[in-house]
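Below is input_30.txt, which holds compact mmCIF, C-alpha atoms and all ligand atoms.
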```txt
# COMPACT_ATOMS: atom_id res chain seq x y z
CA MET A 252 -16.58 -18.02 -74.81
CA GLU A 253 -19.49 -19.77 -76.49
CA THR A 254 -21.95 -17.86 -78.64
CA ALA A 255 -25.52 -18.57 -79.75
CA ARG A 256 -23.96 -20.11 -82.87
CA ASP A 257 -22.49 -22.82 -80.65
CA ARG A 258 -25.94 -24.24 -80.00
CA CYS A 259 -26.84 -26.49 -82.88
CA VAL A 260 -29.46 -29.03 -83.75
CA ILE A 261 -28.05 -32.39 -84.85
CA VAL A 262 -30.49 -34.10 -87.15
CA HIS A 263 -30.16 -37.85 -87.73
CA TYR A 264 -31.89 -39.71 -90.51
CA HIS A 265 -32.23 -43.41 -91.15
CA GLU A 266 -29.58 -44.14 -93.71
CA ILE A 267 -30.93 -47.62 -94.05
CA SER A 268 -33.95 -46.33 -95.97
CA LEU A 269 -31.69 -44.77 -98.57
CA LYS A 270 -31.03 -46.50 -101.80
CA ARG A 271 -27.82 -45.24 -103.30
CA GLY A 272 -29.32 -43.49 -106.31
CA ASN A 273 -31.94 -41.64 -104.26
CA ARG A 274 -29.58 -40.42 -101.62
CA PRO A 275 -28.64 -37.01 -103.11
CA LEU A 276 -32.31 -36.15 -103.72
CA PHE A 277 -33.31 -37.37 -100.25
CA LEU A 278 -30.67 -35.23 -98.56
CA ARG A 279 -31.28 -32.16 -100.69
CA ARG A 280 -35.00 -32.33 -100.05
CA LEU A 281 -34.57 -32.99 -96.34
CA GLN A 282 -32.34 -29.96 -96.09
CA GLN A 283 -34.79 -27.77 -98.05
CA ASN A 284 -37.65 -28.91 -95.82
CA LEU A 285 -35.71 -28.25 -92.61
CA VAL A 286 -35.06 -24.71 -93.81
CA ARG A 287 -38.65 -24.24 -94.96
CA ALA A 288 -40.04 -25.35 -91.60
CA LEU A 289 -38.23 -22.38 -90.01
CA GLU A 290 -38.97 -19.83 -92.73
CA ASP A 291 -40.67 -17.29 -90.44
CA LEU A 292 -37.90 -17.54 -87.82
CA GLY A 293 -35.02 -16.61 -90.14
CA ALA A 294 -32.37 -18.45 -92.09
CA PRO A 295 -30.51 -21.28 -90.35
CA ARG A 296 -27.03 -22.36 -91.40
CA VAL A 297 -27.09 -25.97 -92.49
CA THR A 298 -24.12 -28.34 -92.92
CA GLN A 299 -24.17 -31.93 -94.08
CA LEU A 300 -21.90 -34.29 -92.19
CA THR A 301 -21.63 -38.03 -92.60
CA GLY A 302 -24.95 -39.55 -91.57
CA ARG A 303 -26.36 -36.34 -90.13
CA ILE A 304 -27.13 -32.70 -90.68
CA VAL A 305 -26.04 -29.89 -88.39
CA LEU A 306 -28.37 -26.93 -88.26
CA GLU A 307 -27.49 -23.66 -86.56
CA PRO A 308 -30.77 -21.99 -85.52
CA PRO A 309 -31.54 -18.61 -87.09
CA PRO A 310 -30.09 -15.79 -84.95
CA GLY A 311 -32.51 -14.85 -82.17
CA ALA A 312 -34.74 -17.92 -82.60
CA ASP A 313 -35.65 -19.90 -79.49
CA PRO A 314 -33.81 -23.24 -79.87
CA GLU A 315 -36.72 -25.11 -78.28
CA VAL A 316 -39.14 -23.70 -80.86
CA VAL A 317 -36.70 -24.69 -83.58
CA VAL A 318 -36.51 -28.26 -82.29
CA GLU A 319 -40.30 -28.50 -82.05
CA ARG A 320 -40.66 -27.37 -85.67
CA LEU A 321 -38.04 -29.80 -86.89
CA ARG A 322 -39.77 -32.67 -85.12
CA HIS A 323 -42.47 -32.35 -87.79
CA VAL A 324 -40.11 -32.79 -90.72
CA PHE A 325 -40.46 -36.22 -92.34
CA GLY A 326 -37.16 -37.96 -92.88
CA VAL A 327 -35.88 -36.95 -89.44
CA ALA A 328 -35.23 -40.08 -87.37
CA ASN A 329 -34.22 -38.16 -84.27
CA LEU A 330 -32.68 -34.87 -83.27
CA ALA A 331 -30.91 -33.22 -80.39
CA LEU A 332 -29.98 -29.76 -79.24
CA ALA A 333 -26.18 -29.87 -79.06
CA GLU A 334 -23.27 -27.73 -77.85
CA ARG A 335 -20.54 -27.25 -80.37
CA THR A 336 -17.03 -27.24 -78.91
CA GLY A 337 -13.40 -27.63 -79.89
CA THR A 338 -11.83 -31.08 -79.79
CA SER A 339 -9.39 -30.70 -76.87
CA LEU A 340 -10.23 -32.57 -73.70
CA GLU A 341 -10.67 -29.29 -71.82
CA GLU A 342 -13.13 -28.00 -74.41
CA LEU A 343 -15.05 -31.26 -74.38
CA LYS A 344 -15.32 -31.06 -70.60
CA ARG A 345 -16.72 -27.55 -70.86
CA GLY A 346 -19.22 -28.85 -73.42
CA VAL A 347 -20.28 -31.61 -71.04
CA ASP A 348 -20.67 -28.99 -68.29
CA ARG A 349 -23.00 -26.95 -70.45
CA VAL A 350 -25.13 -29.98 -71.25
CA THR A 351 -25.37 -31.13 -67.63
CA GLN A 352 -25.70 -27.67 -66.09
CA GLY A 353 -28.77 -27.35 -63.85
CA ARG A 354 -29.78 -30.97 -64.44
CA THR A 355 -30.16 -33.70 -61.87
CA PHE A 356 -29.87 -37.27 -63.06
CA ALA A 357 -29.58 -40.41 -60.93
CA SER A 358 -27.46 -42.16 -63.55
CA PHE A 359 -25.65 -41.32 -66.77
CA ARG A 360 -23.28 -42.59 -69.39
CA ILE A 361 -20.97 -40.99 -71.93
CA THR A 362 -21.31 -42.22 -75.49
CA ALA A 363 -18.29 -40.93 -77.36
CA ARG A 364 -17.77 -41.40 -81.06
CA ARG A 365 -14.93 -40.29 -83.30
CA ALA A 366 -15.44 -39.62 -86.97
CA PHE A 367 -11.80 -40.49 -87.71
CA LYS A 368 -9.54 -42.87 -85.91
CA THR A 369 -6.63 -40.44 -86.32
CA LEU A 370 -8.13 -37.98 -83.83
CA PRO A 371 -6.43 -37.74 -80.41
CA HIS A 372 -8.08 -39.72 -77.57
CA THR A 373 -9.84 -43.01 -78.28
CA SER A 374 -13.56 -43.29 -77.58
CA VAL A 375 -12.74 -45.41 -74.53
CA GLU A 376 -10.44 -42.71 -73.17
CA LEU A 377 -13.04 -40.05 -73.76
CA ASN A 378 -15.72 -42.10 -72.02
CA ARG A 379 -13.46 -42.57 -69.03
CA GLU A 380 -12.14 -39.00 -68.78
CA LEU A 381 -15.44 -37.28 -69.34
CA GLY A 382 -17.28 -39.77 -67.09
CA ALA A 383 -14.86 -39.03 -64.25
CA HIS A 384 -15.39 -35.30 -64.90
CA VAL A 385 -19.17 -35.65 -64.51
CA LEU A 386 -18.80 -37.78 -61.37
CA GLY A 387 -16.64 -35.02 -59.85
CA ARG A 388 -19.40 -32.44 -60.30
CA HIS A 389 -22.71 -34.25 -59.89
CA ALA A 390 -24.18 -36.63 -57.31
CA THR A 391 -24.84 -39.44 -59.76
CA ARG A 392 -23.53 -42.82 -60.90
CA VAL A 393 -22.59 -44.47 -64.15
CA ASP A 394 -25.08 -46.89 -65.68
CA LEU A 395 -24.18 -48.13 -69.13
CA GLU A 396 -27.41 -50.06 -69.71
CA GLN A 397 -30.22 -47.86 -68.45
CA SER A 398 -28.84 -44.39 -67.91
CA GLU A 399 -31.22 -41.56 -67.14
CA LEU A 400 -29.00 -39.22 -69.14
CA ASN A 401 -26.98 -40.40 -72.12
CA ILE A 402 -24.37 -37.76 -72.96
CA HIS A 403 -23.30 -38.09 -76.58
CA VAL A 404 -19.91 -36.72 -77.62
CA GLU A 405 -19.18 -36.72 -81.34
CA VAL A 406 -15.69 -35.66 -82.31
CA LEU A 407 -15.01 -34.54 -85.86
CA PRO A 408 -11.96 -32.90 -87.40
CA GLY A 409 -11.77 -29.41 -85.89
CA GLN A 410 -15.05 -29.53 -83.97
CA ALA A 411 -17.11 -31.67 -81.62
CA PHE A 412 -20.75 -31.86 -80.56
CA VAL A 413 -21.99 -32.69 -77.08
CA TYR A 414 -25.63 -33.39 -76.37
CA GLY A 415 -27.80 -35.13 -73.81
CA GLY A 416 -30.84 -37.04 -74.92
CA ARG A 417 -32.16 -37.43 -78.43
CA ARG A 418 -35.75 -36.65 -79.27
CA PRO A 419 -37.56 -38.80 -81.79
CA GLY A 420 -38.52 -37.34 -85.16
CA PRO A 421 -41.40 -38.61 -87.29
CA GLY A 422 -39.25 -40.87 -89.51
CA GLY A 423 -40.46 -41.48 -93.06
CA LEU A 424 -39.16 -39.80 -96.21
CA PRO A 425 -38.81 -36.06 -96.89
CA VAL A 426 -41.96 -34.64 -98.45
CA GLY A 427 -41.37 -34.22 -102.18
CA VAL A 428 -39.12 -37.22 -102.88
CA SER A 429 -42.01 -39.51 -103.85
CA GLY A 430 -43.98 -37.17 -106.09
CA THR A 431 -47.51 -35.79 -105.75
CA VAL A 432 -50.84 -37.48 -104.95
CA ALA A 433 -54.40 -36.15 -104.74
CA ALA A 434 -56.28 -37.07 -101.55
CA LEU A 435 -60.07 -37.16 -101.37
CA LEU A 436 -60.55 -35.31 -98.10
CA SER A 437 -63.95 -35.61 -96.44
CA GLY A 438 -64.62 -34.04 -93.06
CA GLY A 439 -64.36 -37.49 -91.44
CA ILE A 440 -61.76 -39.20 -89.28
CA ASP A 441 -60.16 -41.45 -91.87
CA SER A 442 -59.15 -39.42 -94.90
CA PRO A 443 -56.87 -36.94 -93.06
CA VAL A 444 -54.98 -39.89 -91.56
CA ALA A 445 -54.70 -41.49 -95.01
CA ALA A 446 -53.30 -38.24 -96.47
CA TRP A 447 -50.79 -37.94 -93.64
CA ARG A 448 -49.51 -41.47 -94.21
CA LEU A 449 -48.71 -40.66 -97.83
CA MET A 450 -46.92 -37.46 -96.75
CA LYS A 451 -44.87 -39.63 -94.44
CA ARG A 452 -43.80 -41.70 -97.43
CA GLY A 453 -42.49 -38.58 -99.15
CA CYS A 454 -45.55 -37.43 -101.13
CA ARG A 455 -46.88 -33.95 -101.53
CA VAL A 456 -50.63 -34.17 -101.14
CA VAL A 457 -53.16 -31.95 -102.88
CA PHE A 458 -56.61 -32.09 -101.29
CA VAL A 459 -59.99 -32.43 -102.99
CA HIS A 460 -63.18 -31.95 -100.97
CA PHE A 461 -66.73 -32.45 -102.26
CA HIS A 462 -69.47 -30.41 -100.63
CA SER A 463 -73.19 -29.90 -101.14
CA VAL A 464 -73.55 -26.17 -100.61
CA PRO A 465 -76.21 -24.75 -101.05
CA TYR A 466 -78.22 -27.93 -100.41
CA LEU A 467 -76.41 -28.35 -97.11
CA PRO A 468 -74.67 -25.83 -94.82
CA ASP A 469 -70.96 -25.19 -95.35
CA ASP A 470 -69.77 -27.02 -92.20
CA SER A 471 -67.98 -29.68 -94.18
CA ILE A 472 -65.98 -27.02 -96.06
CA ARG A 473 -64.84 -25.44 -92.82
CA LYS A 474 -63.85 -28.85 -91.49
CA ALA A 475 -61.93 -29.75 -94.65
CA ARG A 476 -60.13 -26.39 -94.55
CA ASP A 477 -59.28 -26.91 -90.90
CA LEU A 478 -57.99 -30.43 -91.51
CA ALA A 479 -55.95 -29.35 -94.53
CA GLU A 480 -54.46 -26.55 -92.43
CA ARG A 481 -53.45 -28.99 -89.72
CA LEU A 482 -51.85 -31.32 -92.23
CA THR A 483 -50.02 -28.48 -93.98
CA ARG A 484 -47.49 -28.17 -91.16
CA TRP A 485 -46.09 -31.48 -92.43
CA GLN A 486 -45.75 -30.37 -96.06
CA TYR A 487 -45.57 -26.51 -95.82
CA TYR A 488 -47.80 -25.71 -98.76
CA SER A 489 -51.16 -27.19 -99.74
CA ARG A 490 -53.82 -26.77 -102.38
CA LEU A 491 -57.39 -27.53 -101.41
CA SER A 492 -59.98 -27.86 -104.19
CA LEU A 493 -63.58 -27.37 -103.07
CA VAL A 494 -65.93 -29.09 -105.50
CA PRO A 495 -69.67 -28.31 -105.52
CA PHE A 496 -71.26 -31.75 -105.68
CA GLY A 497 -74.94 -31.19 -104.74
CA GLU A 498 -76.11 -30.43 -108.26
CA ILE A 499 -74.26 -33.47 -109.60
CA GLN A 500 -75.90 -35.64 -106.95
CA ARG A 501 -79.29 -34.36 -108.01
CA SER A 502 -78.62 -35.52 -111.55
CA VAL A 503 -77.63 -38.95 -110.23
CA VAL A 504 -80.76 -39.21 -108.09
CA LEU A 505 -82.96 -38.69 -111.16
CA ALA A 506 -81.33 -41.58 -113.06
CA VAL A 507 -79.97 -44.08 -110.55
CA PRO A 508 -81.98 -46.19 -108.09
CA GLY A 509 -81.22 -45.76 -104.36
CA PRO A 510 -78.98 -48.73 -103.55
CA ALA A 511 -76.36 -47.98 -106.23
CA ARG A 512 -76.16 -44.24 -105.70
CA VAL A 513 -73.27 -44.16 -103.24
CA VAL A 514 -71.10 -46.13 -105.63
CA ILE A 515 -72.00 -43.88 -108.55
CA TYR A 516 -71.28 -40.75 -106.44
CA ARG A 517 -67.89 -42.19 -105.56
CA ARG A 518 -67.09 -43.07 -109.18
CA LEU A 519 -67.84 -39.47 -110.15
CA MET A 520 -65.70 -38.21 -107.27
CA MET A 521 -62.84 -40.37 -108.54
CA ARG A 522 -63.05 -38.92 -112.04
CA ILE A 523 -63.26 -35.32 -110.83
CA ALA A 524 -60.43 -35.79 -108.31
CA GLU A 525 -58.34 -37.39 -111.04
CA ALA A 526 -58.84 -34.44 -113.40
CA LEU A 527 -58.01 -31.91 -110.66
CA GLY A 528 -55.12 -34.04 -109.40
CA ARG A 529 -53.55 -34.39 -112.85
CA ARG A 530 -53.47 -30.61 -113.19
CA ALA A 531 -51.35 -30.52 -110.03
CA GLY A 532 -49.08 -33.31 -111.30
CA ALA A 533 -50.60 -36.06 -109.13
CA ALA A 534 -49.58 -39.62 -110.01
CA ALA A 535 -52.17 -41.34 -107.78
CA LEU A 536 -55.36 -40.80 -105.77
CA VAL A 537 -55.67 -41.42 -102.01
CA THR A 538 -58.77 -42.33 -100.00
CA GLY A 539 -59.42 -43.16 -96.35
CA ASP A 540 -61.21 -46.43 -97.12
CA SER A 541 -60.90 -49.24 -94.60
CA LEU A 542 -62.17 -52.62 -95.74
CA GLY A 543 -65.70 -53.40 -94.64
CA GLN A 544 -66.14 -50.30 -92.48
CA VAL A 545 -69.22 -49.07 -94.32
CA ALA A 546 -71.37 -50.34 -97.19
CA SER A 547 -69.31 -48.55 -99.84
CA GLN A 548 -66.18 -50.31 -98.61
CA THR A 549 -66.81 -53.93 -99.53
CA LEU A 550 -64.28 -55.47 -101.90
CA GLN A 551 -66.86 -55.49 -104.70
CA ASN A 552 -67.73 -51.83 -104.25
CA LEU A 553 -64.13 -50.72 -103.86
CA ALA A 554 -63.28 -52.51 -107.12
CA CYS A 555 -66.23 -50.90 -108.84
CA ILE A 556 -65.28 -47.42 -107.57
CA GLU A 557 -61.65 -47.87 -108.51
CA GLY A 558 -62.69 -48.88 -112.02
CA ALA A 559 -63.67 -45.26 -112.70
CA ALA A 560 -60.21 -43.92 -111.89
CA GLY A 561 -57.49 -43.60 -114.49
CA LEU A 562 -54.81 -43.28 -111.79
CA PRO A 563 -53.81 -45.82 -109.12
CA VAL A 564 -55.99 -45.51 -106.00
CA LEU A 565 -53.96 -45.73 -102.79
CA ARG A 566 -55.77 -46.74 -99.60
CA PRO A 567 -53.23 -46.68 -96.80
CA LEU A 568 -55.84 -47.48 -94.12
CA ILE A 569 -57.35 -50.49 -95.84
CA GLY A 570 -56.17 -52.97 -93.21
CA MET A 571 -56.61 -50.78 -90.13
CA ASP A 572 -59.61 -50.81 -87.86
CA LYS A 573 -61.44 -47.80 -86.56
CA LEU A 574 -59.71 -47.83 -83.16
CA GLU A 575 -56.27 -47.77 -84.74
CA ILE A 576 -57.24 -45.00 -87.15
CA THR A 577 -58.84 -42.98 -84.33
CA ALA A 578 -55.72 -43.29 -82.17
CA GLN A 579 -53.63 -42.00 -85.05
CA ALA A 580 -56.04 -39.10 -85.67
CA GLN A 581 -55.77 -38.14 -82.00
CA VAL A 582 -51.99 -38.04 -82.13
CA LEU A 583 -52.17 -35.94 -85.31
CA GLY A 584 -54.65 -33.53 -83.77
CA THR A 585 -57.18 -33.98 -86.56
CA PHE A 586 -59.63 -36.00 -84.47
CA GLU A 587 -61.28 -33.04 -82.71
CA THR A 588 -62.15 -31.40 -86.01
CA SER A 589 -63.23 -34.65 -87.63
CA ILE A 590 -65.84 -35.41 -84.97
CA GLU A 591 -67.51 -31.99 -85.18
CA PRO A 592 -70.99 -32.55 -86.53
CA ASP A 593 -71.56 -31.80 -90.18
CA ALA A 594 -73.86 -32.85 -92.93
CA ASP A 595 -71.49 -34.62 -95.30
CA CYS A 596 -72.46 -34.61 -98.95
CA CYS A 597 -72.76 -38.37 -98.76
CA THR A 598 -75.68 -38.03 -96.38
CA LEU A 599 -77.55 -36.14 -99.08
CA PHE A 600 -79.80 -38.21 -101.32
CA VAL A 601 -78.58 -41.50 -99.84
CA PRO A 602 -80.93 -44.39 -99.15
CA LYS A 603 -81.11 -46.07 -95.73
CA HIS A 604 -79.67 -49.28 -97.15
CA PRO A 605 -76.96 -48.66 -99.73
CA GLY A 606 -75.97 -51.62 -101.90
CA THR A 607 -72.96 -53.61 -100.75
CA ARG A 608 -72.28 -55.26 -104.12
CA VAL A 609 -72.43 -53.13 -107.19
CA SER A 610 -70.68 -54.72 -110.18
CA ARG A 611 -68.84 -52.78 -112.84
CA GLU A 612 -71.44 -53.87 -115.38
CA GLU A 613 -74.29 -52.52 -113.27
CA ALA A 614 -72.41 -49.27 -112.73
CA ALA A 615 -71.74 -48.94 -116.46
CA ALA A 616 -75.43 -49.56 -117.22
CA MET A 617 -76.51 -46.85 -114.81
CA GLU A 618 -73.90 -44.39 -115.99
CA ALA A 619 -75.20 -44.88 -119.54
CA ARG A 620 -78.27 -42.96 -118.37
CA LEU A 621 -76.07 -40.02 -117.31
CA ASP A 622 -73.88 -37.61 -119.23
CA VAL A 623 -70.82 -38.56 -117.23
CA ALA A 624 -68.40 -36.33 -119.14
CA ALA A 625 -70.63 -33.31 -118.60
CA LEU A 626 -71.01 -34.05 -114.88
CA VAL A 627 -67.24 -34.41 -114.48
CA ALA A 628 -66.68 -31.15 -116.37
CA GLN A 629 -69.28 -29.45 -114.16
CA GLY A 630 -67.38 -30.56 -111.03
CA VAL A 631 -63.96 -29.63 -112.38
CA GLU A 632 -65.06 -26.23 -113.65
CA GLY A 633 -67.01 -25.45 -110.49
CA ALA A 634 -64.07 -26.30 -108.22
CA ARG A 635 -62.61 -23.42 -106.24
CA GLU A 636 -58.99 -23.69 -105.20
CA GLU A 637 -57.56 -22.38 -101.94
CA THR A 638 -53.94 -22.46 -100.84
CA ILE A 639 -52.56 -22.88 -97.35
CA ALA A 640 -48.98 -22.20 -96.23
CA PHE A 641 -47.02 -23.15 -93.17
CA PRO A 642 -45.37 -21.28 -91.56
CA PRO A 643 -48.12 -18.74 -92.34
CA GLY A 644 -47.02 -16.22 -94.93
CA SER A 645 -44.50 -18.50 -96.60
CA GLY A 646 -44.83 -19.05 -100.34
CA PRO A 647 -45.42 -21.98 -102.70
CA TYR A 648 -42.69 -24.47 -103.54
CA PRO A 649 -40.04 -22.98 -105.83
CA ALA A 650 -40.38 -24.03 -109.49
CA LYS A 651 -37.15 -26.06 -109.39
CA GLU A 652 -38.45 -28.13 -106.47
CA ASN A 653 -41.71 -28.68 -108.35
CA ARG A 654 -39.88 -30.04 -111.38
CA GLU A 655 -37.86 -32.36 -109.17
CA ALA A 656 -40.94 -33.59 -107.32
CA ARG A 657 -42.70 -34.36 -110.58
CA ALA A 658 -39.70 -36.26 -111.85
CA ALA A 659 -39.47 -38.14 -108.54
CA GLY A 660 -43.06 -39.31 -108.88
CA SER A 661 -42.38 -40.97 -112.20
CA ARG A 662 -38.86 -42.30 -111.63
CA PRO A 663 -38.49 -46.00 -110.91
CA ARG A 664 -37.13 -46.49 -107.39
P1 LIG B 1 -63.83 -40.65 -93.78
O1 LIG B 1 -63.73 -40.81 -92.31
O2 LIG B 1 -62.52 -40.32 -94.43
O3 LIG B 1 -64.93 -39.73 -94.20
P2 LIG B 1 -65.55 -42.86 -93.99
O4 LIG B 1 -65.20 -43.99 -93.11
O5 LIG B 1 -66.60 -41.92 -93.58
O6 LIG B 1 -64.22 -42.08 -94.34
P3 LIG B 1 -66.77 -42.96 -96.60
O7 LIG B 1 -67.63 -41.84 -96.20
O8 LIG B 1 -67.34 -44.15 -97.28
O9 LIG B 1 -65.94 -43.55 -95.39
O10 LIG B 1 -65.65 -42.39 -97.54
C1 LIG B 1 -64.62 -43.19 -98.04
C2 LIG B 1 -63.56 -42.27 -98.62
O11 LIG B 1 -64.09 -41.54 -99.73
C3 LIG B 1 -63.11 -41.20 -97.66
O12 LIG B 1 -62.10 -41.66 -96.78
C4 LIG B 1 -62.62 -40.13 -98.58
O13 LIG B 1 -61.31 -40.41 -99.04
C5 LIG B 1 -63.61 -40.23 -99.73
N1 LIG B 1 -64.71 -39.27 -99.52
C6 LIG B 1 -65.92 -39.52 -99.02
N2 LIG B 1 -66.67 -38.40 -98.96
C7 LIG B 1 -65.91 -37.41 -99.44
C8 LIG B 1 -66.08 -35.99 -99.64
N3 LIG B 1 -67.20 -35.37 -99.32
N4 LIG B 1 -65.06 -35.28 -100.15
C9 LIG B 1 -63.89 -35.89 -100.47
N5 LIG B 1 -63.67 -37.19 -100.30
C10 LIG B 1 -64.65 -37.95 -99.79
MG MG B 2 -67.01 -40.02 -94.31
```

Mind turning the file's structure into structure tokens?
Ligand code: ATP
Ligand code: MG
Amino acid sequence: METARDRCVIVHYHEISLKRGNRPLFLRRLQQNLVRALEDLGAPRVTQLTGRIVLEPPPGADPEVVVERLRHVFGVANLALAERTGTSLEELKRGVDRVTQGRTFASFRITARRAFKTLPHTSVELNRELGAHVLGRHATRVDLEQSELNIHVEVLPGQAFVYGGRRPGPGGLPVGVSGTVAALLSGGIDSPVAAWRLMKRGCRVVFVHFHSVPYLPDDSIRKARDLAERLTRWQYYSRLSLVPFGEIQRSVVLAVPGPARVVIYRRLMMRIAEALGRRAGAAALVTGDSLGQVASQTLQNLACIEGAAGLPVLRPLIGMDKLEITAQAQVLGTFETSIEPDADCCTLFVPKHPGTRVSREEAAAMEARLDVAALVAQGVEGAREETIAFPPGSGPYPAKENREARAAGSRPR
């Protein structure tokens, strides 16, 4: 008699992306993240097997909800809801029955795999026996190349798993294995996509948003909060720093002529984001720049802006065009928020024709008229930090995980 515990999720990851030394950290972090993604549903039982992880859903949790949650865990290549059975032929047949129950499929195949060659029944025998069993119970045919239903049977010592159809995961690396970065999050389309791409490469992302309240309404703050919330389901816990930037912009306007202002604003943003990011252990900054998209994104201006940062500036979207970025934002579900109208701080005190080539020397000359250190301090001290958790109500990362993530960010890979 099968119990709820006999329904498991088999999680596959791409072993190919694992360098030997990183493997234990990768697997530990993947396992922690799988558990964290289900925190409000209860505690799953998790077992590592060769090349995959078996997760028994928390008692009482809807397996479909569990699978949907786990499909958002980076590092998961694919997953499947599986029936756990014994290894005798009769038990395997019953497992196949449970998987095929109530389904109609024009064609199928059995894909049997044995963990050890010493187990009874070769894979070929299993394919034949179980295939004949299915043919005896369903109006269907065998198609090895293009089956509508591929029934996987994995036999291990003492237990076996039977499942039909794998669902793709997001791929990438488990969040936390690559360290922490600080993303400059505007309310626009690009920066949330940029932040997500770094999460996919195993980074925890802290968000920094610049707003111009009270010179402008707080729409951009609400958008940034909304976007950060949406992205948090991929990393479980986020910090969002809201930096009042209007007063700083006013100081710039008094000293810097129109065409160079956008670049000077951005250089100040870099410095403030760096200071806030370093407090959170960030080893790099992230922006949503795409080459040539707007005046501030020429090579000359990007170089000039980057010159103000004391951390590497990562721009994962640099070679993408707007259509590609938009398509990605739609899949992520950030697009709808990003296109809501707002008055971004960069629309404040900006000339109609911003300069497309500001050199580092020009920028330095203009900044000599400002008290840059004081402006940066004003931004950093005025920043207000909010935290966001997913699932709602779950807590920050445990201290041990934080230490590991910091170490991961600085370790050569
Ligand atoms: P986005 O769609 O991300 O706003 P964009 O195409 O509008 O990008 P810009 O407005 O020039 O381009 O901004 C370039 C990058 O600078 C943004 O992707 C973001 O990383 C950062 N940035 C711009 N404005 C802000 C802001 N108000 N707060 C935080 N970061 C910002
Ligand atoms: Mg923008």

Handout entry: Contacts of Ala357 of chain A at 10 Å (all atoms listed in the file; same-chain gap of 5+ positions) as a ChimeraX atom specification
Key = /A:389-394,398-400

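Atom CA of Glu652 of chain A sits 8.4 Å away from atom CA of Arg280 of chain A.
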
Handout entry: Among listed residues A:Asn653, A:Gln551, A:Thr538, A:Thr298, nearest ligand LIG 1 (chain B) (using all atoms listed in the file)
Key =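 Answer, going by the shortest atom-to-atom distance: A:Thr538.
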
Handout entry: Using all atoms listed in the file: which of A:Ala560, A:Leu370, A:Val514, A:Ala594 has the shortest distance to ligand MG 2 (chain B)
Key = A:Ala594

Practice task
Pick out the residues no farther than 6 Å from ligand LIG 1 (chain B), counting all atoms listed in the file, and list them as number ranges by chain.
Solution key: A: 435-442, 459-462, 538-540, 547, 595-596

Exercise for the section: Using all atoms listed in the file, pick whichever of A:Arg484, A:Lys474, A:Arg364, A:Arg512 has the shortest atom-to-atom distance to ligand MG 2 (chain B). Expected result: A:Lys474

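Nearest to ligand MG 2 (chain B) of all the residues A:Pro443, A:Gly430, A:Pro275, A:Pro295 is A:Pro443, counting all atoms listed in the file.
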
Practice task
With a distance cut-off of 10 Å and all atoms listed in the file, select the neighbouring residues of segment 625-633 of chain A, excluding the residue or stretch itself and same-chain residues fewer than 4 positions from it, and output the selection as a list in words.
Solution key: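 Contacts, in chain order: Phe461, Ser492, Leu493, Val494, Pro495, Phe496, Gly497, Glu498, Ile499, Gln500, Ser502, Val503, Leu519, Met520, Met521, Arg522, Ile523, Ala524, Glu525, Ala526, Leu527 and Leu621 of chain A.
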
Completion exercise
Between A:Asn378, A:Ala479, A:Gly644, A:Leu542, smallest distance to Leu289 of chain A by all atoms listed in the file belongs to A:Gly644

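For the choices A:His265, A:Arg473, A:Arg501, A:Arg279, the atom-to-atom distance to Asp593 of chain A is smallest for A:Arg473 when using only C-alpha atoms.
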